[in-house]
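Raw contents of my_file.txt, compact mmCIF, C-alpha atoms and all ligand atoms:
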# COMPACT_ATOMS: atom_id res chain seq x y z
CA MET O 1 2.30 -28.07 38.93
CA SER O 2 5.92 -29.21 38.78
CA LYS O 3 6.88 -32.82 39.49
CA SER O 4 10.31 -33.67 40.80
CA PHE O 5 12.50 -35.70 38.47
CA ASP O 6 13.20 -39.14 39.87
CA PRO O 7 16.28 -40.59 38.15
CA ILE O 8 16.04 -43.89 40.05
CA TRP O 9 12.49 -44.45 38.74
CA CYS O 10 13.61 -43.44 35.25
CA ARG O 11 16.56 -45.83 35.26
CA ARG O 12 14.28 -48.69 36.28
CA GLN O 13 12.25 -48.23 33.08
CA PHE O 14 15.29 -49.21 30.98
CA PRO O 15 16.31 -52.88 31.38
CA ALA O 16 19.51 -52.26 29.39
CA LEU O 17 20.82 -50.13 32.27
CA ALA O 18 20.81 -53.19 34.52
CA ARG O 19 23.17 -55.09 32.22
CA GLU O 20 26.63 -56.00 33.35
CA MET O 21 29.82 -56.79 31.46
CA THR O 22 32.62 -58.76 33.07
CA GLY O 23 30.75 -58.40 36.36
CA GLN O 24 30.56 -54.60 36.16
CA PRO O 25 27.52 -52.36 35.54
CA ILE O 26 27.81 -50.74 32.13
CA VAL O 27 27.50 -47.10 31.13
CA PHE O 28 26.16 -46.00 27.74
CA PHE O 29 28.18 -43.02 26.50
CA ASP O 30 26.38 -42.87 23.18
CA GLY O 31 24.68 -39.48 23.35
CA PRO O 32 24.70 -38.74 19.59
CA ALA O 33 23.76 -42.32 18.71
CA GLY O 34 20.69 -44.35 19.67
CA SER O 35 18.82 -44.30 22.98
CA GLN O 36 18.03 -47.33 25.14
CA VAL O 37 14.51 -48.78 25.06
CA PRO O 38 12.17 -48.69 28.07
CA GLN O 39 10.38 -51.91 29.03
CA ARG O 40 7.03 -50.54 27.84
CA VAL O 41 8.39 -50.15 24.29
CA ALA O 42 9.78 -53.68 24.31
CA ASP O 43 6.38 -54.88 25.62
CA ALA O 44 4.49 -52.99 22.88
CA VAL O 45 6.70 -54.48 20.12
CA SER O 46 6.33 -57.93 21.64
CA HIS O 47 2.54 -57.45 21.91
CA TYR O 48 2.38 -56.55 18.22
CA LEU O 49 4.42 -59.58 17.15
CA VAL O 50 2.49 -62.01 19.33
CA GLU O 51 -1.05 -60.64 18.82
CA MET O 52 -1.06 -59.09 15.33
CA ASN O 53 1.91 -59.26 12.93
CA ALA O 54 -0.29 -59.44 9.83
CA ASN O 55 -0.24 -57.98 6.35
CA HIS O 56 -2.02 -54.74 5.56
CA ASP O 57 -5.69 -54.49 4.55
CA GLY O 58 -6.72 -58.12 5.07
CA VAL O 59 -10.28 -59.15 5.99
CA PHE O 60 -9.19 -61.17 9.02
CA ALA O 61 -8.87 -60.17 12.68
CA THR O 62 -5.09 -59.84 13.04
CA SER O 63 -4.89 -57.71 9.88
CA ARG O 64 -7.62 -55.37 11.16
CA GLU O 65 -5.87 -55.11 14.54
CA SER O 66 -2.54 -54.48 12.83
CA ASP O 67 -4.05 -51.71 10.69
CA ALA O 68 -5.71 -50.15 13.75
CA MET O 69 -2.37 -50.20 15.57
CA LEU O 70 -0.69 -48.61 12.55
CA ARG O 71 -3.32 -45.85 12.45
CA ASP O 72 -2.63 -45.18 16.16
CA ALA O 73 1.10 -45.05 15.43
CA HIS O 74 0.51 -42.50 12.64
CA ARG O 75 -1.59 -40.39 15.03
CA ALA O 76 1.00 -40.59 17.82
CA VAL O 77 3.87 -39.58 15.51
CA ALA O 78 1.76 -36.80 13.95
CA ASP O 79 1.23 -35.49 17.48
CA LEU O 80 4.97 -35.67 18.22
CA LEU O 81 5.86 -33.85 14.99
CA GLY O 82 3.20 -31.20 15.40
CA THR O 83 0.99 -31.94 12.42
CA SER O 84 -2.78 -32.26 12.43
CA ASP O 85 -2.73 -34.79 9.56
CA PRO O 86 -1.54 -38.35 10.41
CA GLY O 87 -1.82 -39.17 6.70
CA LEU O 88 1.32 -37.13 6.08
CA ILE O 89 3.46 -39.48 8.21
CA VAL O 90 5.49 -42.13 6.35
CA PHE O 91 7.36 -44.93 8.15
CA GLY O 92 10.45 -46.65 6.78
CA PRO O 93 13.32 -48.86 7.97
CA ASN O 94 15.39 -45.85 9.09
CA MET O 95 15.96 -42.22 8.14
CA THR O 96 18.79 -43.03 5.71
CA THR O 97 16.72 -45.51 3.70
CA LEU O 98 13.73 -43.17 3.53
CA THR O 99 15.98 -40.34 2.38
CA PHE O 100 17.60 -42.48 -0.32
CA ALA O 101 14.14 -43.52 -1.57
CA LEU O 102 12.87 -39.95 -1.58
CA SER O 103 16.03 -38.60 -3.24
CA ARG O 104 15.58 -41.06 -6.12
CA ALA O 105 11.97 -39.92 -6.57
CA ILE O 106 12.78 -36.20 -6.42
CA ALA O 107 15.88 -36.42 -8.62
CA ARG O 108 13.68 -37.48 -11.54
CA THR O 109 12.76 -33.79 -11.75
CA TRP O 110 16.42 -32.58 -11.88
CA SER O 111 18.65 -32.19 -14.93
CA GLY O 112 21.84 -30.47 -16.08
CA GLY O 113 22.01 -26.85 -14.90
CA ASP O 114 19.93 -27.53 -11.78
CA GLU O 115 21.58 -27.07 -8.40
CA VAL O 116 21.21 -28.96 -5.12
CA VAL O 117 22.41 -27.40 -1.85
CA VAL O 118 23.82 -29.39 1.06
CA THR O 119 25.66 -28.13 4.13
CA GLN O 120 28.81 -28.96 6.04
CA LEU O 121 26.73 -29.66 9.16
CA GLU O 122 25.00 -32.67 7.64
CA HIS O 123 25.12 -36.26 8.80
CA ASP O 124 26.06 -38.52 5.88
CA ALA O 125 22.40 -39.61 5.70
CA ASN O 126 21.40 -36.10 4.62
CA TYR O 127 24.37 -35.72 2.27
CA MET O 128 25.10 -38.83 0.20
CA PRO O 129 21.51 -39.45 -0.98
CA TRP O 130 21.37 -35.93 -2.48
CA VAL O 131 24.93 -35.95 -3.83
CA LEU O 132 24.49 -39.34 -5.55
CA SER O 133 21.06 -38.44 -6.93
CA ALA O 134 22.37 -35.09 -8.21
CA ARG O 135 25.28 -36.87 -9.89
CA ASP O 136 22.94 -39.30 -11.66
CA ALA O 137 20.64 -36.46 -12.77
CA GLY O 138 23.55 -34.31 -14.01
CA ALA O 139 22.75 -31.59 -11.44
CA THR O 140 25.41 -29.58 -9.60
CA VAL O 141 25.92 -29.85 -5.82
CA ARG O 142 26.64 -26.64 -3.92
CA HIS O 143 28.15 -26.93 -0.42
CA VAL O 144 27.34 -24.42 2.30
CA GLY O 145 29.99 -23.92 4.98
CA ILE O 146 29.89 -23.14 8.68
CA ASN O 147 31.25 -20.34 10.83
CA PRO O 148 34.31 -22.10 12.28
CA SER O 149 34.29 -20.10 15.55
CA ASP O 150 30.96 -21.58 16.75
CA CYS O 151 29.97 -24.24 14.17
CA THR O 152 26.81 -22.38 13.17
CA LEU O 153 25.56 -22.50 9.59
CA ASP O 154 27.07 -19.72 7.45
CA LEU O 155 23.88 -18.00 6.28
CA ASP O 156 25.81 -15.54 4.06
CA ASP O 157 27.38 -18.49 2.28
CA LEU O 158 23.92 -20.05 1.90
CA LYS O 159 22.52 -16.81 0.52
CA GLY O 160 25.35 -16.64 -2.03
CA LYS O 161 24.67 -20.20 -3.17
CA LEU O 162 20.93 -19.83 -3.70
CA SER O 163 19.73 -18.78 -7.13
CA SER O 164 16.98 -19.47 -9.62
CA ARG O 165 18.96 -22.63 -10.52
CA THR O 166 18.53 -24.06 -6.98
CA LYS O 167 16.00 -26.89 -6.97
CA PHE O 168 16.60 -28.36 -3.57
CA VAL O 169 18.09 -27.53 -0.15
CA ALA O 170 18.94 -30.29 2.36
CA VAL O 171 19.68 -29.03 5.87
CA CYS O 172 19.67 -30.41 9.40
CA ALA O 173 17.58 -28.93 12.22
CA ALA O 174 20.41 -29.80 14.62
CA SER O 175 23.83 -31.32 14.09
CA ASN O 176 24.52 -34.63 15.84
CA ALA O 177 28.26 -33.94 15.64
CA VAL O 178 28.44 -30.48 17.26
CA GLY O 179 24.92 -29.78 18.57
CA THR O 180 24.31 -26.63 16.52
CA VAL O 181 20.63 -25.83 16.00
CA THR O 182 20.16 -24.28 12.57
CA PRO O 183 17.73 -21.40 11.87
CA PHE O 184 15.80 -23.77 9.61
CA VAL O 185 12.60 -21.71 9.41
CA GLU O 186 14.69 -18.87 7.97
CA VAL O 187 16.57 -21.32 5.70
CA ALA O 188 13.23 -22.68 4.42
CA LYS O 189 12.03 -19.19 3.64
CA MET O 190 15.27 -18.33 1.81
CA ALA O 191 15.02 -21.54 -0.23
CA HIS O 192 11.35 -21.04 -1.08
CA ASP O 193 12.08 -17.47 -2.17
CA VAL O 194 14.18 -18.91 -5.02
CA GLY O 195 11.64 -21.69 -5.71
CA ALA O 196 13.60 -24.59 -4.13
CA LEU O 197 12.21 -27.46 -2.04
CA VAL O 198 13.48 -27.88 1.54
CA PHE O 199 14.30 -31.17 3.24
CA LEU O 200 14.94 -30.99 7.00
CA ASP O 201 16.86 -33.69 8.88
CA ALA O 202 15.42 -33.49 12.40
CA VAL O 203 16.91 -36.78 13.62
CA HIS O 204 19.09 -35.10 16.22
CA PHE O 205 16.57 -32.33 16.95
CA ALA O 206 13.55 -34.56 17.67
CA PRO O 207 14.63 -36.00 21.05
CA HIS O 208 15.59 -32.59 22.42
CA LEU O 209 13.22 -29.86 21.23
CA THR O 210 9.56 -29.41 20.36
CA MET O 211 8.57 -30.25 16.80
CA ASP O 212 6.05 -28.13 14.93
CA VAL O 213 6.25 -29.18 11.29
CA ASP O 214 2.92 -27.58 10.32
CA THR O 215 4.37 -24.12 10.98
CA TRP O 216 8.03 -24.61 9.99
CA GLY O 217 7.51 -24.12 6.26
CA CYS O 218 9.63 -27.09 5.11
CA ASP O 219 8.56 -29.54 2.40
CA PHE O 220 9.90 -32.62 4.17
CA VAL O 221 11.01 -33.38 7.74
CA THR O 222 12.58 -36.64 8.92
CA CYS O 223 13.43 -38.20 12.26
CA SER O 224 14.23 -41.64 13.63
CA ALA O 225 12.47 -43.35 16.55
CA TYR O 226 15.56 -45.06 18.00
CA LYS O 227 16.77 -41.60 19.06
CA PHE O 228 13.77 -41.25 21.37
CA PHE O 229 13.39 -44.67 23.03
CA GLY O 230 11.75 -46.44 20.09
CA PRO O 231 12.90 -49.22 17.75
CA HIS O 232 14.99 -48.26 14.73
CA VAL O 233 12.18 -46.92 12.52
CA GLY O 234 12.53 -43.95 10.20
CA VAL O 235 9.84 -41.27 10.03
CA LEU O 236 9.20 -38.90 7.14
CA TRP O 237 6.70 -36.06 7.08
CA GLY O 238 5.95 -34.25 3.85
CA THR O 239 3.45 -31.71 2.69
CA HIS O 240 0.39 -33.20 1.06
CA GLU O 241 1.39 -31.70 -2.27
CA GLN O 242 4.92 -33.17 -2.15
CA LEU O 243 3.89 -36.64 -0.97
CA GLU O 244 1.38 -36.80 -3.80
CA THR O 245 3.95 -35.58 -6.32
CA GLN O 246 6.79 -37.84 -5.21
CA THR O 247 4.48 -40.89 -4.91
CA ILE O 248 5.74 -42.00 -1.50
CA THR O 249 3.25 -44.35 0.12
CA THR O 250 2.47 -44.49 3.85
C1 LIG M 301 21.54 -36.02 12.41
C2 LIG M 301 21.32 -37.42 11.92
N1 LIG M 301 20.73 -37.59 10.73
C3 LIG M 301 20.50 -38.82 10.23
C4 LIG M 301 20.87 -39.96 10.93
C5 LIG M 301 20.58 -41.31 10.33
O1 LIG M 301 19.46 -41.89 10.95
P1 LIG M 301 19.12 -43.43 10.70
O2 LIG M 301 20.09 -44.22 11.51
O3 LIG M 301 17.70 -43.61 11.15
O4 LIG M 301 19.28 -43.70 9.24
C6 LIG M 301 21.51 -39.83 12.18
C7 LIG M 301 21.94 -41.03 12.92
O5 LIG M 301 22.73 -41.00 13.81
C8 LIG M 301 21.73 -38.52 12.68
O6 LIG M 301 22.31 -38.34 13.86
Please, can you express the file's structure as structure tokens?
Ligand SMILES: Cc1ncc(COP(=O)(O)O)c(C=O)c1O
Amino acid sequence: MSKSFDPIWCRRQFPALAREMTGQPIVFFDGPAGSQVPQRVADAVSHYLVEMNANHDGVFATSRESDAMLRDAHRAVADLLGTSDPGLIVFGPNMTTLTFALSRAIARTWSGGDEVVVTQLEHDANYMPWVLSARDAGATVRHVGINPSDCTLDLDDLKGKLSSRTKFVAVCAASNAVGTVTPFVEVAKMAHDVGALVFLDAVHFAPHLTMDVDTWGCDFVTCSAYKFFGPHVGVLWGTHEQLETQTITT
């Protein structure tokens, strides 16, 4: 059964849209940046701070409530990302910080002669962490270009840059700058064929398309809740094997 879309009702959910500046209603032209927050999200954050706001694993009521809320949050995000295991969801301050932390853990396994692949479609958050970690490990960074006519990822260039030396491929699911959706399932397969790990930046993808991380074949997938009406919280999913290996805690 289809429901009609009611933009007036939708607008009412977002208090920020009622703001004025110099007596005028304001318009948010920040499509590739963060979304506004509906009242129910503001209420949920406020409810947490007022009713719980406790440290993890305590024996007192607010700690138990806080942990229960956190378990619910893991389940909700697992559902959004398309994984059956909420234990594979890691929260962090934002996607960039999570990626820096993970890059430092993974780079401990890299050394001279190893190669790390990044692409020209990446946001800086899926570029600098890998470039800096590769530099510190003595690994070489290989850059994959785009097809300039339509800003799609140049898969031939990627193919030419993958080899038995490739340890890691960082790629976006969708570009926030130009909107290109990458064939990331194919990219993951190409990378795995040479024995490399695959890190997928789905920050721009998550608010627009259905996530199905359990079937995508990547090792890590990230997104960021402020792109889909949440607070600025980073989300990382990883395979069980990789999260155990890289000692990231949830
Ligand atoms: C594609 C993409 N990746 C990563 C990020 C960084 O996300 P965060 O602000 O959570 O660090 C952004 C933010 O705009 C983005 O658009």
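Using all atoms listed in the file, residues with at least one atom at most 6 Å away from any atom of ligand LIG 301 (chain M) are Ala33, Asn94, Met95, Thr96, His123, Ala125, Ser175, Asn176, Asp201, Val203, His204, Ser224 and Gly234 of chain O.
For the atom pair formed by atom CA of O:Tyr48 and atom CA of O:Phe14, the distance is 19.6 Å, given to one decimal.
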Which one of O:Ala170, O:Ala107, O:Leu200, O:Ala16 sits closest to O:Asp136 if you count only C-alpha atoms?
O:Ala107
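Remark: for O:Ala173, the closest of the candidate residues O:Lys159, O:Arg12, O:Arg142, O:His208 is O:His208 (distances computed over all atoms listed in the file).
Of the listed residues (O:Gln13, O:Ser163, O:Thr22, O:Asn53), O:Gln13 comes nearest to O:Phe229; the distances count only C-alpha atoms.
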So how far away is atom CA of O:Pro148 from atom CA of O:Lys161, in Å?
18.3 Å
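Closest approach to O:Ala105 among O:Met211, O:Cys10, O:Leu243, O:Met52: O:Leu243, based on all atoms listed in the file.
Of the listed residues (O:Ala206, O:Ala134, O:Val117, O:Leu17), O:Ala206 comes nearest to O:Lys227; the distances count all atoms listed in the file.
Of the listed residues (O:Val213, O:Val144, O:Ala73, O:Cys218), O:Cys218 comes nearest to O:His192; the distances count only C-alpha atoms.
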Shell of 9 Å around O:Leu155, all atoms listed in the file, local chain residues under 2 positions omitted, as a PyMOL selection string
chain O and resi 144-147+152-153+157-160+183+187
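Here atom CA of O:Ser66 stands at a distance of 13.0 Å from atom CA of O:Ser46.
Protein, DNA and RNA residues at most 12 Å from (2.9, -26.5, 7.3), with all atoms listed in the file, are these: Leu81, Gly82, Thr83, Ser84, Asp85, Leu88, Val185, Ala188, Met211, Asp212, Val213, Asp214, Thr215, Trp216, Gly217, Cys218, Asp219, Phe220, Val221, Trp237, Gly238, Thr239, His240, Glu241 and Gln242 of chain O.
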Close residues, O:Val171 itself excluded, 8 Å, all atoms listed in the file, min 5 positions apart in chain, as number ranges by chain
O: 118-119, 121-122, 126, 184, 198-201
Can you take the partial stretch 140-151 of chain O, add N, CA, C and O atoms, and return it as a JSON list (two decimals), in the frame of the given file?
[["chain", "number", "residue", "atom", "x", "y", "z"],
["O", 140, "THR", "N", 24.21, -30.03, -10.31],
["O", 140, "THR", "CA", 25.41, -29.58, -9.60],
["O", 140, "THR", "C", 25.12, -29.49, -8.09],
["O", 140, "THR", "O", 24.06, -29.01, -7.70],
["O", 141, "VAL", "N", 26.08, -29.94, -7.28],
["O", 141, "VAL", "CA", 25.92, -29.85, -5.82],
["O", 141, "VAL", "C", 26.67, -28.62, -5.32],
["O", 141, "VAL", "O", 27.84, -28.41, -5.67],
["O", 142, "ARG", "N", 26.00, -27.81, -4.53],
["O", 142, "ARG", "CA", 26.64, -26.64, -3.92],
["O", 142, "ARG", "C", 26.73, -26.88, -2.41],
["O", 142, "ARG", "O", 25.74, -27.28, -1.78],
["O", 143, "HIS", "N", 27.91, -26.66, -1.84],
["O", 143, "HIS", "CA", 28.15, -26.93, -0.42],
["O", 143, "HIS", "C", 28.16, -25.63, 0.38],
["O", 143, "HIS", "O", 28.92, -24.72, 0.05],
["O", 144, "VAL", "N", 27.35, -25.60, 1.43],
["O", 144, "VAL", "CA", 27.34, -24.42, 2.30],
["O", 144, "VAL", "C", 28.20, -24.70, 3.52],
["O", 144, "VAL", "O", 28.11, -25.76, 4.14],
["O", 145, "GLY", "N", 29.04, -23.73, 3.87],
["O", 145, "GLY", "CA", 29.99, -23.92, 4.98],
["O", 145, "GLY", "C", 29.41, -23.50, 6.32],
["O", 145, "GLY", "O", 28.23, -23.16, 6.45],
["O", 146, "ILE", "N", 30.29, -23.55, 7.32],
["O", 146, "ILE", "CA", 29.89, -23.14, 8.68],
["O", 146, "ILE", "C", 30.80, -22.00, 9.13],
["O", 146, "ILE", "O", 31.85, -21.75, 8.53],
["O", 147, "ASN", "N", 30.38, -21.32, 10.19],
["O", 147, "ASN", "CA", 31.25, -20.34, 10.83],
["O", 147, "ASN", "C", 32.14, -21.12, 11.79],
["O", 147, "ASN", "O", 31.64, -21.69, 12.78],
["O", 148, "PRO", "N", 33.46, -21.19, 11.51],
["O", 148, "PRO", "CA", 34.31, -22.10, 12.28],
["O", 148, "PRO", "C", 34.39, -21.74, 13.77],
["O", 148, "PRO", "O", 34.64, -22.61, 14.60],
["O", 149, "SER", "N", 34.13, -20.47, 14.14],
["O", 149, "SER", "CA", 34.29, -20.10, 15.55],
["O", 149, "SER", "C", 33.22, -20.75, 16.44],
["O", 149, "SER", "O", 33.48, -21.05, 17.60],
["O", 150, "ASP", "N", 32.00, -20.99, 15.90],
["O", 150, "ASP", "CA", 30.96, -21.58, 16.75],
["O", 150, "ASP", "C", 30.17, -22.70, 16.06],
["O", 150, "ASP", "O", 29.14, -23.15, 16.60],
["O", 151, "CYS", "N", 30.63, -23.13, 14.89],
["O", 151, "CYS", "CA", 29.97, -24.24, 14.17],
["O", 151, "CYS", "C", 28.51, -23.96, 13.82],
["O", 151, "CYS", "O", 27.70, -24.90, 13.76]]
